[in-house]
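Asks: Sharing query.cif (mmCIF, C-alpha atoms) below.
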```cif
data_entry
loop_
_atom_site.label_atom_id
_atom_site.label_comp_id
_atom_site.auth_asym_id
_atom_site.auth_seq_id
_atom_site.Cartn_x
_atom_site.Cartn_y
_atom_site.Cartn_z
CA MET A 1 0.00 0.00 0.00
CA GLU A 2 1.35 3.42 -0.99
CA LYS A 3 1.82 5.81 1.90
CA ASN A 4 0.82 9.48 1.75
CA ASP A 5 2.43 12.56 3.26
CA ILE A 6 0.11 13.36 6.16
CA LYS A 7 0.81 17.10 5.82
CA LEU A 8 -1.18 17.04 2.58
CA ILE A 9 -4.34 15.59 4.18
CA ASP A 10 -6.86 18.32 5.02
CA THR A 11 -8.64 18.46 8.37
CA GLU A 12 -12.03 17.08 7.31
CA LYS A 13 -10.51 14.19 5.40
CA LEU A 14 -8.22 13.36 8.31
CA LYS A 15 -11.20 13.39 10.69
CA ALA A 16 -13.01 10.97 8.38
CA ILE A 17 -9.95 8.70 8.31
CA MET A 18 -9.83 8.74 12.11
CA THR A 19 -13.48 7.89 12.67
CA SER A 20 -13.61 5.22 9.94
CA ASN A 21 -10.70 3.45 11.60
CA GLY A 22 -12.04 3.49 15.15
CA PHE A 23 -10.34 6.66 16.46
CA LYS A 24 -11.97 9.81 17.80
CA ALA A 25 -12.36 12.67 15.33
CA TYR A 26 -10.46 15.09 17.60
CA ARG A 27 -7.29 13.05 17.04
CA ALA A 28 -7.04 14.76 13.65
CA SER A 29 -6.66 18.14 15.33
CA GLN A 30 -4.08 16.68 17.73
CA ILE A 31 -2.04 15.33 14.85
CA GLN A 32 -2.16 18.58 12.89
CA HIS A 33 -1.33 20.67 15.94
CA ALA A 34 1.71 18.49 16.59
CA ILE A 35 2.93 18.93 13.01
CA TRP A 36 2.17 22.59 12.38
CA LYS A 37 2.48 24.16 15.82
CA GLU A 38 4.95 21.93 17.66
CA GLY A 39 7.18 20.94 14.73
CA ALA A 40 6.78 17.19 15.08
CA ASN A 41 8.52 15.41 12.21
CA THR A 42 7.93 11.85 13.43
CA PHE A 43 4.80 10.18 14.75
CA GLU A 44 6.76 9.18 17.86
CA MET A 45 6.97 12.86 18.84
CA MET A 46 3.18 13.21 18.96
CA PRO A 47 1.19 13.04 22.24
CA ILE A 48 -1.19 10.38 20.91
CA PRO A 49 -1.88 6.72 21.84
CA LEU A 50 0.54 4.02 20.73
CA ASN A 51 -2.05 2.23 18.59
CA LEU A 52 -2.71 5.48 16.68
CA LYS A 53 1.02 5.99 16.16
CA ASP A 54 1.24 2.47 14.73
CA PHE A 55 -1.72 3.14 12.43
CA LEU A 56 -0.18 6.39 11.18
CA LYS A 57 3.22 4.81 10.56
CA LYS A 58 1.55 2.08 8.52
CA HIS A 59 -0.44 4.42 6.27
CA PHE A 60 1.36 7.79 6.26
CA TYR A 61 4.73 9.49 6.53
CA ILE A 62 5.90 12.99 7.48
CA TYR A 63 8.15 14.26 4.74
CA THR A 64 11.38 15.91 5.89
CA CYS A 65 14.42 17.18 4.01
CA LYS A 66 18.13 17.36 4.80
CA VAL A 67 19.94 20.64 5.40
CA ILE A 68 23.20 20.51 3.43
CA ASN A 69 24.57 24.02 3.84
CA LYS A 70 23.81 27.35 5.49
CA SER A 71 25.22 30.77 4.57
CA SER A 72 24.69 33.90 6.68
CA SER A 73 24.83 37.43 5.31
CA LYS A 74 26.09 40.49 7.13
CA ASP A 75 22.56 41.93 6.78
CA GLY A 76 20.96 38.98 8.63
CA THR A 77 19.72 37.11 5.56
CA ILE A 78 20.32 33.34 5.68
CA LYS A 79 20.47 31.04 2.67
CA PHE A 80 19.88 27.30 3.09
CA LEU A 81 20.75 24.53 0.67
CA LEU A 82 18.28 21.67 1.10
CA GLU A 83 18.32 18.12 -0.22
CA PHE A 84 15.07 16.39 -1.15
CA LEU A 85 14.47 12.92 -2.56
CA ASN A 86 16.76 11.50 -5.26
CA LYS A 87 19.51 14.02 -4.47
CA THR A 88 17.38 16.93 -5.56
CA TYR A 89 18.83 20.22 -4.33
CA ILE A 90 17.18 23.61 -3.90
CA GLU A 91 17.99 26.86 -2.15
CA THR A 92 15.64 28.88 0.04
CA VAL A 93 16.25 32.22 1.74
CA PHE A 94 15.21 33.55 5.16
CA ILE A 95 14.98 37.36 5.29
CA PRO A 96 14.47 38.67 8.84
CA SER A 97 12.50 41.81 9.59
CA SER A 98 11.31 43.69 12.67
CA SER A 99 7.73 43.35 11.41
CA HIS A 100 7.24 40.17 9.36
CA ASN A 101 9.99 37.72 8.49
CA THR A 102 9.99 36.77 4.82
CA GLN A 103 10.99 33.51 3.18
CA CYS A 104 11.81 33.14 -0.49
CA ILE A 105 10.89 29.59 -1.46
CA SER A 106 11.52 27.46 -4.56
CA SER A 107 8.95 25.62 -6.66
CA GLN A 108 11.33 23.56 -8.82
CA SER A 109 14.86 22.23 -8.70
CA GLY A 110 16.52 24.22 -11.47
CA CYS A 111 14.51 26.04 -14.13
CA LYS A 112 13.57 25.66 -17.79
CA MET A 113 13.15 29.39 -18.51
CA ARG A 114 16.88 30.15 -18.97
CA CYS A 115 16.59 33.89 -18.30
CA ARG A 116 20.01 35.28 -19.19
CA PHE A 117 20.53 37.28 -16.00
CA CYS A 118 19.62 34.40 -13.66
CA ALA A 119 21.92 31.76 -12.17
CA THR A 120 19.18 29.19 -11.55
CA GLY A 121 18.78 28.15 -15.18
CA GLU A 122 22.51 27.45 -15.45
CA SER A 123 22.00 24.37 -13.26
CA GLY A 124 19.55 22.96 -15.78
CA PHE A 125 16.16 21.61 -14.78
CA LYS A 126 15.81 18.52 -12.60
CA ARG A 127 12.17 18.28 -11.55
CA ASP A 128 9.10 19.91 -10.04
CA LEU A 129 8.85 19.97 -6.27
CA SER A 130 5.89 18.25 -4.66
CA ALA A 131 3.45 20.25 -2.55
CA GLY A 132 5.02 18.63 0.51
CA GLU A 133 8.50 19.72 -0.54
CA ILE A 134 7.33 23.29 -1.10
CA ILE A 135 5.78 23.39 2.37
CA GLU A 136 8.74 21.62 4.00
CA GLN A 137 10.98 24.57 3.12
CA ILE A 138 8.98 26.76 5.48
CA LEU A 139 8.73 24.20 8.27
CA ILE A 140 12.45 23.43 8.32
CA ILE A 141 13.50 27.10 8.27
CA GLN A 142 11.09 27.99 11.09
CA LYS A 143 12.55 25.12 13.09
CA LEU A 144 16.18 26.03 12.35
CA THR A 145 15.81 29.77 12.98
CA GLY A 146 13.28 29.61 15.80
CA GLU A 147 11.41 32.38 13.98
CA SER A 148 7.93 32.47 12.51
CA ILE A 149 7.47 33.32 8.84
CA GLY A 150 5.00 36.10 8.06
CA ASN A 151 5.53 36.58 4.31
CA ILE A 152 6.11 34.02 1.58
CA VAL A 153 7.49 34.94 -1.83
CA VAL A 154 7.61 32.16 -4.42
CA MET A 155 10.59 33.81 -6.11
CA GLY A 156 13.25 31.17 -5.57
CA MET A 157 14.32 28.47 -8.01
CA GLY A 158 11.98 27.51 -10.82
CA GLU A 159 8.95 28.83 -12.67
CA PRO A 160 5.99 28.40 -10.25
CA PHE A 161 3.30 28.21 -12.94
CA GLU A 162 5.13 25.31 -14.62
CA ASN A 163 4.33 23.42 -11.41
CA TYR A 164 0.84 24.83 -11.02
CA ASN A 165 -1.11 22.07 -9.27
CA ASN A 166 1.54 21.36 -6.63
CA LEU A 167 2.00 25.09 -6.07
CA MET A 168 -1.69 25.72 -5.45
CA GLN A 169 -2.03 22.71 -3.14
CA ALA A 170 0.91 24.05 -1.15
CA ILE A 171 -0.49 27.60 -1.02
CA ARG A 172 -3.84 26.40 0.28
CA ILE A 173 -2.14 24.42 3.06
CA ILE A 174 0.21 27.31 3.91
CA ASN A 175 -2.85 29.56 4.15
CA SER A 176 -5.04 27.10 6.11
CA LYS A 177 -5.85 27.99 9.71
CA HIS A 178 -5.25 24.33 10.55
CA ALA A 179 -1.72 24.45 9.13
CA LEU A 180 0.70 27.40 8.82
CA ASN A 181 -2.07 30.02 8.82
CA ILE A 182 -0.10 32.54 6.76
CA GLY A 183 -2.50 35.07 5.21
CA ALA A 184 -2.99 34.68 1.47
CA ARG A 185 -2.29 38.39 0.96
CA ARG A 186 1.16 37.72 2.40
CA ILE A 187 1.92 35.11 -0.27
CA THR A 188 3.29 36.36 -3.60
CA VAL A 189 3.84 34.20 -6.66
CA SER A 190 6.40 35.45 -9.18
CA THR A 191 6.14 34.20 -12.76
CA VAL A 192 7.95 34.92 -16.00
CA GLY A 193 4.48 35.23 -17.50
CA ILE A 194 2.43 32.27 -18.73
CA PRO A 195 -0.88 33.78 -19.89
CA GLU A 196 -3.22 30.81 -19.38
CA ALA A 197 -1.77 30.12 -15.93
CA ILE A 198 -2.19 33.80 -14.98
CA LYS A 199 -5.87 33.60 -15.91
CA ARG A 200 -6.25 30.34 -14.03
CA PHE A 201 -4.61 31.92 -10.99
CA ALA A 202 -7.06 34.83 -11.22
CA ASP A 203 -9.95 32.35 -11.07
CA GLU A 204 -8.68 30.70 -7.88
CA ASN A 205 -10.67 31.48 -4.75
CA ILE A 206 -7.62 32.73 -2.92
CA GLN A 207 -6.08 36.14 -2.30
CA ALA A 208 -2.43 35.35 -3.04
CA ARG A 209 -0.65 38.08 -4.99
CA LEU A 210 0.84 38.01 -8.49
CA SER A 211 4.20 39.33 -9.64
CA ILE A 212 5.42 39.34 -13.26
CA SER A 213 9.11 39.22 -14.20
CA LEU A 214 8.91 41.72 -17.07
CA HIS A 215 12.40 43.29 -17.45
CA ALA A 216 11.62 45.01 -20.76
CA SER A 217 8.70 46.79 -22.42
CA GLU A 218 9.36 45.73 -26.02
CA ASN A 219 9.31 42.18 -27.37
CA SER A 220 12.57 42.38 -29.29
CA LEU A 221 14.54 43.27 -26.18
CA ARG A 222 12.62 41.04 -23.78
CA SER A 223 13.15 38.03 -26.05
CA GLN A 224 16.90 38.57 -25.76
CA ILE A 225 16.76 38.70 -21.95
CA VAL A 226 13.88 36.28 -21.31
CA PRO A 227 13.82 33.68 -24.13
CA ILE A 228 10.34 32.36 -23.27
CA ASN A 229 9.02 35.74 -24.49
CA LYS A 230 9.20 34.30 -28.01
CA LYS A 231 6.39 31.94 -26.98
CA TYR A 232 4.56 34.31 -24.63
CA PRO A 233 4.96 37.89 -25.93
CA ILE A 234 4.36 40.93 -23.77
CA GLU A 235 0.94 41.68 -25.28
CA ASP A 236 -0.40 38.24 -24.30
CA ILE A 237 1.04 38.55 -20.80
CA LEU A 238 -0.45 42.00 -20.24
CA LYS A 239 -3.83 40.85 -21.56
CA ALA A 240 -3.81 38.05 -18.99
CA CYS A 241 -2.77 40.54 -16.30
CA ARG A 242 -5.72 42.76 -17.23
CA TYR A 243 -7.94 39.74 -16.67
CA TYR A 244 -6.27 39.21 -13.29
CA ASN A 245 -6.85 42.88 -12.36
CA LYS A 246 -10.53 42.60 -13.18
CA LYS A 247 -11.25 39.10 -11.85
CA ALA A 248 -9.09 39.02 -8.73
CA LYS A 249 -9.55 42.74 -8.04
CA LYS A 250 -5.89 43.10 -7.05
CA TYR A 251 -2.95 44.99 -8.48
CA VAL A 252 -0.15 43.26 -10.36
CA SER A 253 3.50 43.78 -9.45
CA PHE A 254 5.98 44.00 -12.31
CA GLU A 255 9.60 43.14 -11.58
CA TYR A 256 12.20 44.92 -13.68
CA ILE A 257 15.89 44.08 -13.31
CA LEU A 258 18.03 46.99 -14.48
CA LEU A 259 20.94 45.95 -16.70
CA LYS A 260 23.52 48.60 -17.55
CA GLY A 261 23.30 49.74 -21.16
CA ILE A 262 20.66 47.12 -21.97
CA ASN A 263 17.29 48.15 -20.53
CA ASP A 264 18.00 51.08 -18.19
CA SER A 265 17.93 54.19 -20.40
CA GLU A 266 15.43 57.04 -20.18
CA LYS A 267 13.98 55.76 -23.47
CA HIS A 268 13.31 52.38 -21.85
CA ALA A 269 11.74 54.04 -18.80
CA ILE A 270 9.40 56.09 -20.99
CA SER A 271 8.45 53.04 -23.04
CA LEU A 272 7.65 51.06 -19.88
CA SER A 273 5.69 53.99 -18.46
CA LYS A 274 3.54 54.21 -21.58
CA ARG A 275 2.90 50.46 -21.42
CA LEU A 276 1.71 50.62 -17.81
CA LYS A 277 0.16 54.09 -17.52
CA GLY A 278 -3.28 53.84 -15.94
CA TRP A 279 -2.68 50.30 -14.71
CA LYS A 280 -3.55 49.07 -11.25
CA CYS A 281 0.00 47.93 -10.66
CA ARG A 282 3.34 48.39 -8.94
CA VAL A 283 6.80 48.30 -10.49
CA ASN A 284 9.66 46.87 -8.45
CA LEU A 285 12.99 48.02 -9.86
CA ILE A 286 15.71 45.53 -9.03
CA PRO A 287 19.41 46.42 -9.19
CA TYR A 288 21.18 43.62 -11.02
CA ASN A 289 22.91 41.14 -8.76
CA PRO A 290 26.11 39.66 -10.18
CA VAL A 291 26.15 36.14 -11.60
CA ASN A 292 29.59 34.69 -12.35
CA SER A 293 28.94 33.58 -15.92
CA SER A 294 26.84 36.58 -16.98
CA GLU A 295 28.00 39.35 -19.30
CA PHE A 296 25.60 41.85 -17.72
CA MET A 297 26.59 44.74 -15.47
CA ARG A 298 24.74 46.60 -12.74
CA SER A 299 23.18 49.97 -13.60
CA ASP A 300 24.63 53.02 -11.89
CA ASN A 301 22.71 54.21 -8.82
CA GLY A 302 22.00 57.54 -10.50
CA GLN A 303 20.56 55.82 -13.54
CA ILE A 304 18.35 53.62 -11.34
CA LYS A 305 17.03 56.73 -9.59
CA THR A 306 16.39 58.50 -12.91
CA PHE A 307 14.53 55.44 -14.22
CA SER A 308 12.40 55.37 -11.07
CA ASN A 309 11.59 59.08 -11.26
CA ILE A 310 10.38 58.80 -14.87
CA LEU A 311 7.94 56.04 -13.92
CA LYS A 312 6.68 58.08 -10.98
CA LYS A 313 6.09 61.11 -13.23
CA PHE A 314 3.74 58.90 -15.24
CA GLY A 315 1.85 58.11 -12.03
CA ILE A 316 3.19 54.57 -11.68
CA ASN A 317 3.70 53.24 -8.15
CA THR A 318 7.42 52.45 -8.18
CA THR A 319 9.88 51.10 -5.63
CA ILE A 320 13.56 50.24 -5.77
CA ARG A 321 14.02 46.89 -4.11
CA LYS A 322 16.28 46.88 -1.08
CA GLU A 323 19.08 44.41 -1.58
CA ARG A 324 19.39 41.54 0.87
CA GLY A 325 21.90 38.70 0.93
CA VAL A 326 24.01 39.77 -2.05
CA ASP A 327 27.24 38.83 -0.24
CA ILE A 328 26.10 35.20 0.07
CA LYS A 329 24.53 35.02 -3.41
CA ALA A 330 21.04 34.91 -1.97
CA ALA A 331 19.58 37.90 -3.83
CA CYS A 332 17.26 37.96 -6.83
CA GLY A 333 18.65 35.86 -9.70
CA GLN A 334 21.51 34.36 -7.70
CA LEU A 335 20.05 31.09 -6.41
CA LYS A 336 21.70 28.02 -7.86
CA SER A 337 21.84 24.42 -6.62
CA SER A 338 25.56 24.01 -7.36
CA PHE A 339 26.46 22.33 -4.06
CA LEU A 340 28.26 19.41 -5.61
CA LYS A 341 30.58 21.77 -7.49
CA ASN A 342 31.15 24.30 -4.74
CA LYS A 343 30.00 23.88 -1.16
CA ASN A 344 30.45 27.58 -0.45
CA THR A 345 27.99 28.94 -3.01
#
```
What does the file become when written as structure tokens?
Replies:
Amino acid sequence: MEKNDIKLIDTEKLKAIMTSNGFKAYRASQIQHAIWKEGANTFEMMPIPLNLKDFLKKHFYIYTCKVINKSSSKDGTIKFLLEFLNKTYIETVFIPSSSHNTQCISSQSGCKMRCRFCATGESGFKRDLSAGEIIEQILIIQKLTGESIGNIVVMGMGEPFENYNNLMQAIRIINSKHALNIGARRITVSTVGIPEAIKRFADENIQARLSISLHASENSLRSQIVPINKKYPIEDILKACRYYNKKAKKYVSFEYILLKGINDSEKHAISLSKRLKGWKCRVNLIPYNPVNSSEFMRSDNGQIKTFSNILKKFGINTTIRKERGVDIKAACGQLKSSFLKNKNT
């Protein structure tokens, strides 16, 4: 008989399993409290009867990962290299804050998108993460840091919408009051832009936020930076985002990495402003973070400020992202599961 990860069983189903096998329904709440609130990662750790422990061990398991490496930044950011089944490696990042701690989690090991400024695609693509593996990243980091996570950004390794079903199952569990109870509005999914998945996400009965990795306002340039643009051009992405605006009734965030001499001129800022003028949106300008094999360079601080000011003059809500974890290669575009080649990355 195939065993199931008990973290993926919702409360009502677990209650039904309990009662149909001769246990009291409240045992389901005990089990879930032990997992989500007390950090139990074995059935032996749970304050439940021995016969129930034996039943659970026979039919279920609690998925756990191995921590391979930990890197700490001078700004307090911590990057963890985790190993899942079949020697699958991913990186996840803990970003402390005085208000709400944030965790950047991965949805895949590696990535198929091959964005030219990003280190993740250099590793190649290994596989999608299961819903349990996505959730386990949060559980293990809360346990290791002793801190609660208040914000989740699915901006780590992989393209989340290429792993849509597992992602949504994980988000619903992360949001559930019986599990991690992290508010949906504090969960952001970042995608390179897959139109049909954006529309599907808009139709979900959940308040998680959407962020689009745009990085250019014209197709010719974006196709050079983000190759998947040849399949999903900007017009199709923005049409899907309009649908999201209307259906989900929430703004869209657009991420824009500034690359010196490539997409950071005043002309580019004006073009982007015209694209987004009147939108219910926010633009996050991201200073480029160095990747060893990349030919790109970081835009000058003055140029970044000028770019930001042009967008603001067009009435576009614009922020310049504060850098965290650059010194440990934990910032945007730097995550890479290269442990076997270099244990210090």
Asks: Could you list as a PDB file with C-alpha atoms, keeping the file's coordinate frame every residue that has an atom within 10 Å of (11.7, 55.0, -19.3), using the file's coordinates and counting only C-alpha atoms?
Replies:
```
ATOM      1  CA  SER A 217       8.700  46.790 -22.420  1.00  0.00           C
ATOM      2  CA  ASN A 263      17.290  48.150 -20.530  1.00  0.00           C
ATOM      3  CA  ASP A 264      18.000  51.080 -18.190  1.00  0.00           C
ATOM      4  CA  SER A 265      17.930  54.190 -20.400  1.00  0.00           C
ATOM      5  CA  GLU A 266      15.430  57.040 -20.180  1.00  0.00           C
ATOM      6  CA  LYS A 267      13.980  55.760 -23.470  1.00  0.00           C
ATOM      7  CA  HIS A 268      13.310  52.380 -21.850  1.00  0.00           C
ATOM      8  CA  ALA A 269      11.740  54.040 -18.800  1.00  0.00           C
ATOM      9  CA  ILE A 270       9.400  56.090 -20.990  1.00  0.00           C
ATOM     10  CA  SER A 271       8.450  53.040 -23.040  1.00  0.00           C
ATOM     11  CA  LEU A 272       7.650  51.060 -19.880  1.00  0.00           C
ATOM     12  CA  SER A 273       5.690  53.990 -18.460  1.00  0.00           C
ATOM     13  CA  LYS A 274       3.540  54.210 -21.580  1.00  0.00           C
ATOM     14  CA  THR A 306      16.390  58.500 -12.910  1.00  0.00           C
ATOM     15  CA  PHE A 307      14.530  55.440 -14.220  1.00  0.00           C
ATOM     16  CA  SER A 308      12.400  55.370 -11.070  1.00  0.00           C
ATOM     17  CA  ASN A 309      11.590  59.080 -11.260  1.00  0.00           C
ATOM     18  CA  ILE A 310      10.380  58.800 -14.870  1.00  0.00           C
ATOM     19  CA  LEU A 311       7.940  56.040 -13.920  1.00  0.00           C
ATOM     20  CA  PHE A 314       3.740  58.900 -15.240  1.00  0.00           C
TER      21      PHE A 314
END
```
Asks: When you look at segment 105-110 of chain A with a cut-off of 10 Å (counting all atoms listed in the file), what residues show up, excluding the ones that are within fewer than 5 positions of it in the same chain? I need them as number ranges by chain.
Replies: A: 84, 88-94, 119-131, 133-138, 152-164, 166-167, 170, 189, 335-338
Asks: Which residue is closest to Phe23 of chain A? Choose from A:Leu276, A:Val252, A:Leu50, A:Ala208 and count all atoms listed in the file.
Replies: A:Leu50
Asks: So which residues get picked by the PyMOL selection byres ((chain A and resi 27) around 9) here, written as a list of chain:residue names?
Replies: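 What the PyMOL selection byres ((chain A and resi 27) around 9) grabs from the file is A:Leu14, A:Lys15, A:Met18, A:Phe23, A:Lys24, A:Ala25, A:Tyr26, A:Ala28, A:Ser29, A:Gln30, A:Ile31, A:Gln32, A:Ile48, A:Leu52.
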Asks: Store the residues picked out above in a file with C-alpha atoms, as a compact mmCIF listing (two decimals), keeping the file's coordinate frame.
Replies:
```
# COMPACT_ATOMS: atom_id res chain seq x y z
CA LEU A 14 -8.22 13.36 8.31
CA LYS A 15 -11.20 13.39 10.69
CA MET A 18 -9.83 8.74 12.11
CA PHE A 23 -10.34 6.66 16.46
CA LYS A 24 -11.97 9.81 17.80
CA ALA A 25 -12.36 12.67 15.33
CA TYR A 26 -10.46 15.09 17.60
CA ALA A 28 -7.04 14.76 13.65
CA SER A 29 -6.66 18.14 15.33
CA GLN A 30 -4.08 16.68 17.73
CA ILE A 31 -2.04 15.33 14.85
CA GLN A 32 -2.16 18.58 12.89
CA ILE A 48 -1.19 10.38 20.91
CA LEU A 52 -2.71 5.48 16.68
```
Asks: Would you work out the distance separating atom CA of Arg282 of chain A from atom CA of Phe201 of chain A, expressed in Å to one decimal?
Replies: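 Going from atom CA of Arg282 of chain A over to atom CA of Phe201 of chain A, I get 18.4 Å.
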Asks: Pick from A:Ser73, A:Ser253, A:Asn151, A:Ser294: nearest to Asn181 of chain A, with all atoms listed in the file counted?
Replies: A:Asn151
Asks: Name every residue that the PyMOL selection byres ((chain A and resi 300) around 10) selects in this structure, writing the answer as an MDAnalysis selection string with chains first and numbers rising.
Replies: chainID A and resid 258:261 264 287 297:299 301:306
Asks: Got a sec: who's within 9 Å of Gly183 of chain A, counting only C-alpha atoms, leaving out chain neighbours fewer than 5 positions off, as a PyMOL selection string?
Replies: chain A and resi 150-151+174-176+207-208
Asks: Do you know which residues the PyMOL selection byres ((chain A and resi 53-61) around 8) returns on this file, as a ChimeraX atom specification?
Replies: /A:1-6,42-44,48-52,62-63
Asks: Which centre and edge lengths in Å to one decimal define the box along x, y and z that fits every listed atom of segment 135-152 of chain A plus 8 Å per side, as JSON?
Replies:
```
{"center_x": 10.6, "center_y": 29.1, "center_z": 8.7, "size_x": 27.2, "size_y": 31.0, "size_z": 30.2}
```
